[in-house]
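> First the structure, which I've put down as structure tokens, then a few questions once you've had a look.
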Number of protein chains: 2
Amino acid sequence: MQKVGILGGGQLGRMLLQAAANYPVETYVLENDAECPSAHLCRHFVKGDIRDYDAVYQFGKNLDALTIEIENVNVDALEALEAEGVKVFPKPSVLRIIKNKILQKQYYQHHSIPTAAFAVLEGRHQLGDWPHLIPGVQKLATGGYDGKGVQIIENPGQFSEGFDDHSVLEKKVDLQKEIALIVAVGQDGKTALYPPVEMVFNPNLNLLDFQLCPAYISRDVLWKIEAIALSVVRNFNSPGLFAVELFVDRNDDVFVNETAPRVHNSGHHTIEAHYSSQFDMLWRVILGYPLGNTKAILPSALVNVIGAAGHSGPVHYAGLEEVLAMDNVFVHLYGKKDTKPGRKMGHVTILSNEKQELIHKANGIKQALEVQAK
Amino acid sequence: MQKVGILGGGQLGRMLLQAAANYPVETYVLENDAECPSAHLCRHFVKGDIRDYDAVYQFGKNLDALTIEIENVNVDALEALEAEGVKVFPKPSVLRIIKNKILQKQYYQHHSIPTAAFAVLEGRHQLGDWPHLIPGVQKLATGGYDGKGVQIIENPGQFSEGFDDHSVLEKKVDLQKEIALIVAVGQDGKTALYPPVEMVFNPNLNLLDFQLCPAYISRDVLWKIEAIALSVVRNFNSPGLFAVELFVDRNDDVFVNETAPRVHNSGHHTIEAHYSSQFDMLWRVILGYPLGNTKAILPSALVNVIGAAGHSGPVHYAGLEEVLAMDNVFVHLYGKKDTKPGRKMGHVTILSNEKQELIHKANGIKQALEVQAK
């Protein structure tokens with residue numbers, strides 16, 4: 001039985017472990033928080049800092065394989081382990097590129113992968129050097145995640161509020177749709193693409209309202225998206241699971257936004273809606289099994305369950321029973337004891353052949369369920 | 001967060017724990033084998049004998065609720081716990097009836113639930129007293145499970161091989177189909193029926209070949225089955241999940257064979273094929289949530305993965321890759337280190353709208369996969 005470690009113990013690890021229980025694998029988790037969502041679903045829990053060289057190296061040195069559920073890990077240790085024969089999904093070389101937004105943009109550029117025009121900055125004093133990139137988006141080179149480390153620079157009046165550090169300034173895309181596509185790459189190099197999903201934003205608040213699968217796009221746009229996503233993952237030359245986030249602009253041009261080299265929030269619907277879920281698929285990749293079937297059983301929508309503004313402390317899911325009483329709806333709560341504003345506490349998947357039902361129920365769930373503190 | 005204990009740590013517990021990770025619940029498992037399939041997927045594992053009064057009582061006394069994954073538990077301890085306010089699913093009174101085949105048959109008789117004609121025996125010397133029940137099936141009152149403690153008595157020449165203990169002799173039904181139907185009963189008494197499944201036997205070996213859902217039966221037979229199953233569970237007057245096994249004879253008459261007051265092998269297809277799986281449903285019952293949607297997403301077949309004859313020792317799944325390469329197929333292996341002949345090691349679920357594809361793939365899986373010892 002292969003010994004496989006996961007760096008990080010959040011909800012992605014938790015869902016990986018739920019899927020792992022279908023396969024012959026001995027699971028390990030490294031995470032600093034002994035009460036994290038993954039702590040009690042693995043065979044071996046190791047308390048330690050995934051950013052620390054020694055912690056990661058000691059954790060991994062007797063394992064057959066390692067994967068991650070967050071990019072913020074010690075890549076030096078993973079490289080040392082890889083050199084000693086431990087399989088790492090994705091390869092540490094991929095993590096080095098992805099972890100640094102400058103390297104990631106240069107990677108797309110180097111491989112002629114369409115991405116929004118950009119410049120590399122050393123600090124906010126250079127924001128004025130690139131007038132054609134304004135309005136733009138400034139992203140810190142390192143340390144940003146979940147929307148942190150990213151800000152929109154609409155006009156020169158905002159230059160003084162820009163990040164004063166190594167960063168990327170990229171031209172804002174005239175957005176028609178935001179798409180995510182998950183690709184699996186087997187150890188033999190074979191690839192499997194999931195149908196793309198479409199992010200539906202609340203036009204007032206610019207918040208992700210819910211996500212739909214499949215994305216409602218033309219065949220031409222689909223082909224562009226698939227070609228770009230394949231180009232992204234093939235040039236990494238690494239097995240693993242990759243979530244490619246893309247923009248479609250109002251001319252139907254497609255640009256890569258960024259890539260997560262791991263299971264991803266945009267793939268949670270695959271648990272019920274697809275034959276092989278993203279979690280099942282990553283185990284197939286790691287264990288050297290054939291890739292799974294990415295086809296949808298039914299179209300789906302996904303609603304994230306997010307900590308409400310103004311609520312911090314022990315969590316209470318107001319309206320949960322109403323959601324649980326809905327047909328064709330699957331509730332996943334991640335076992336986090338405390339909520340805080342914006343924290344990802346769970347998700348809800350809806351299955352239906354009818355787009356209107358998906359949207360109707362997604363809205364119903366958003367209205368019914370509020371993540372409060374007790 | 002409710003504290004809920006499971007008595008028994010086999011594959012049913014394992015799949016319950018996979019489903020539990022979607023809900024706010026603190027899980028406990030009591031089981032003698034620290035390497036059982038459930039040991040590493042629960043929050044708290046307690047090593048102990050589920051048949052022992054003190055072990056069960058100590059395990060349960062600080063919990064909010066208990067359930068079982070096997071009937072062979074200490075019912076006295078569960079009654080004591082129930083008297084102290086611990087919720088038990090199913091009620092211990094149900095377990096007392098189910099655990100004893102004599103009491104179970106008398107229960108059906110008392111409630112006018114159709115079941116095969118029977119007699120209660122003290123030993124094999126009474127087999128000759130009931131000529132109208134021959135050919136018949138003799139079942140030990142207690143201690144039988146998974147086909148043990150049951151034997152067919154075809155003719156008087158076999159009386160001397162009968163069980164010489166308290167037992168039931170029941171008339172063999174002139175079988176057309178064998179059916180299983182799962183019913184959930186909420187704490188508020190509401191019920192939800194899954195579509196019945198049909199067991200397909202190999203006519204040569206009398207082995208369960210695979211199971212199909214929905215069962216291919218007429219509407220009239222369906223109605224009889226549903227009415228009988230509801231009558232079985234309503235008279236128990238207990239919340240929980242119940243698997244009712246029934247015979248349909250060649251006149252389309254329906255008889256209860258037996259009932260399992262718990263999640264059951266005949267419901268494993270519900271994990272992928274139904275909106276609310278049997279495991280999800282039991283958590284809804286225990287946690288006091290609304291019952292789930294029992295409808296099928298797609299028709300399904302289920303193939304059990306059973307230890308091959310002549311193979312005992314560390315398990316090797318020969319042909320696993322071939323099965324994993326099939327579309328629309330879901331593999332579940334239970335994490336048991338050793339195989340032995342007849343041991344349940346896993347199951348495979350197939351989804352398809354076409355009955356012929358279900359049967360074709362079920363046969364393909366049975367031919368491809370063999371559970372060997374290394």
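Ordered as shown in the structure tokens, chains take letters A, B, and onward, while each chain numbers its residues from 1 and ligands are numbered from 1 in the order shown.
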Pick out the residues sitting within 6 Å of range 308-324 of chain B, and hand them over as JSON, numbers by chain; count only C-alpha atoms, and ignore anything fewer than 5 positions along from it in its own chain.

{"B": [337, 338, 339, 340, 341, 368, 369, 370, 371, 372, 373, 374]}

> What are the nearest atom pairs, with distances in Å to one decimal, for all residues of chain A that come at most 9 Å from chain B, using only C-alpha atoms, set out by chain and rising residue number as a Markdown table?


```
| residue | atom | partner | partner_atom | distance |
| --- | --- | --- | --- | --- |
| A:Met1 | CA | B:Lys337 | CA | 8.9 |
| A:Arg14 | CA | B:Ala21 | CA | 7.8 |
| A:Met15 | CA | B:Ala21 | CA | 8.3 |
| A:Leu17 | CA | B:Gln18 | CA | 8.5 |
| A:Gln18 | CA | B:Gln18 | CA | 5.3 |
| A:Ala19 | CA | B:Gln18 | CA | 8.0 |
| A:Ala21 | CA | B:Tyr334 | CA | 7.1 |
| A:Asn22 | CA | B:His332 | CA | 4.3 |
| A:Tyr23 | CA | B:Leu333 | CA | 5.5 |
| A:Pro24 | CA | B:Gly335 | CA | 5.8 |
| A:Val25 | CA | B:Gly335 | CA | 8.0 |
| A:Pro37 | CA | B:Ala21 | CA | 8.9 |
| A:Ala39 | CA | B:Arg43 | CA | 8.4 |
| A:His40 | CA | B:Arg43 | CA | 5.2 |
| A:Leu41 | CA | B:Leu41 | CA | 4.3 |
| A:Cys42 | CA | B:His40 | CA | 6.0 |
| A:Arg43 | CA | B:His40 | CA | 5.2 |
| A:His44 | CA | B:His40 | CA | 8.2 |
| A:Glu272 | CA | B:Glu272 | CA | 7.0 |
| A:Tyr275 | CA | B:Asn328 | CA | 5.8 |
| A:Ser276 | CA | B:Phe330 | CA | 7.9 |
| A:Arg284 | CA | B:Leu324 | CA | 8.8 |
| A:Tyr289 | CA | B:Glu321 | CA | 6.1 |
| A:Pro290 | CA | B:Ala325 | CA | 5.5 |
| A:Leu291 | CA | B:Ala325 | CA | 7.1 |
| A:Gly292 | CA | B:Ala325 | CA | 6.9 |
| A:Asn293 | CA | B:Asp327 | CA | 5.7 |
| A:Lys295 | CA | B:Asn328 | CA | 8.9 |
| A:Ile297 | CA | B:Ile297 | CA | 8.3 |
| A:Leu298 | CA | B:Ile297 | CA | 8.4 |
| A:Leu320 | CA | B:Tyr289 | CA | 8.7 |
| A:Glu321 | CA | B:Tyr289 | CA | 6.1 |
| A:Glu322 | CA | B:Pro290 | CA | 8.3 |
| A:Leu324 | CA | B:Pro290 | CA | 6.3 |
| A:Ala325 | CA | B:Pro290 | CA | 5.5 |
| A:Met326 | CA | B:Asn293 | CA | 8.2 |
| A:Asp327 | CA | B:Asn293 | CA | 5.8 |
| A:Asn328 | CA | B:Tyr275 | CA | 5.8 |
| A:Val329 | CA | B:Tyr275 | CA | 7.4 |
| A:Phe330 | CA | B:Tyr275 | CA | 7.6 |
| A:Val331 | CA | B:Asn22 | CA | 6.7 |
| A:His332 | CA | B:Asn22 | CA | 4.3 |
| A:Leu333 | CA | B:Asn22 | CA | 5.0 |
| A:Tyr334 | CA | B:Asn22 | CA | 6.5 |
| A:Gly335 | CA | B:Pro24 | CA | 5.8 |
| A:Lys336 | CA | B:Pro24 | CA | 8.5 |
| A:Lys337 | CA | B:Pro24 | CA | 8.9 |
| A:Gly346 | CA | B:Asn22 | CA | 8.5 |
| A:Leu351 | CA | B:Tyr275 | CA | 8.8 |
```

> Quick one: distance from CA of Ala116 in chain B to CA of Val233 in chain B in Å, one decimal?

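For CA of Ala116 in chain B relative to CA of Val233 in chain B, the distance reads 18.2 Å.
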
> I need the residues of range 227-257 of chain A that end up classed as strand (DSSP E or B) by DSSP on the backbone, written out as a PyMOL selection string.

chain A and resi 240-249+254-257

> Fewer than 5 positions away in the same chain doesn't count, so skip those; otherwise give me all residues within 8 Å of Arg250 in chain A, counting only C-alpha atoms, as a PyMOL selection string.

chain A and resi 174-176

> Please write the residues from the selection above to a file, keeping C-alpha atoms, as a PDB file, in the first residue's frame.


```
ATOM      1  CA  ASP A 174     -12.973  43.701 -20.727  1.00  0.00           C
ATOM      2  CA  LEU A 175     -14.647  40.724 -19.171  1.00  0.00           C
ATOM      3  CA  GLN A 176     -17.452  38.766 -20.745  1.00  0.00           C
TER       4      GLN A 176
END
```

> Would you compute the distance between CA of Lys101 in chain B and CA of Asn74 in chain B? Give it in Å to one decimal.

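Taking CA of Lys101 in chain B and CA of Asn74 in chain B, their separation equals 16.7 Å.
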
> Would you pick out the contacts of Asn155 in chain A at 10 Å or less, using only C-alpha atoms, so that residues sharing its chain but fewer than 6 positions from it are not included, and give the list as number ranges by chain?

A: 128, 131, 134-136

> For the alpha helix (DSSP H) assignment from backbone DSSP, which residues of range 41-162 of chain A qualify? Please present them as a PyMOL selection string.

chain A and resi 53-60+75-83+92-99+101-110

> Kindly give the distance, in Å, that separates CA of Gln109 in chain A and CA of Gly162 in chain A, rounded to a single decimal.

23.9 Å
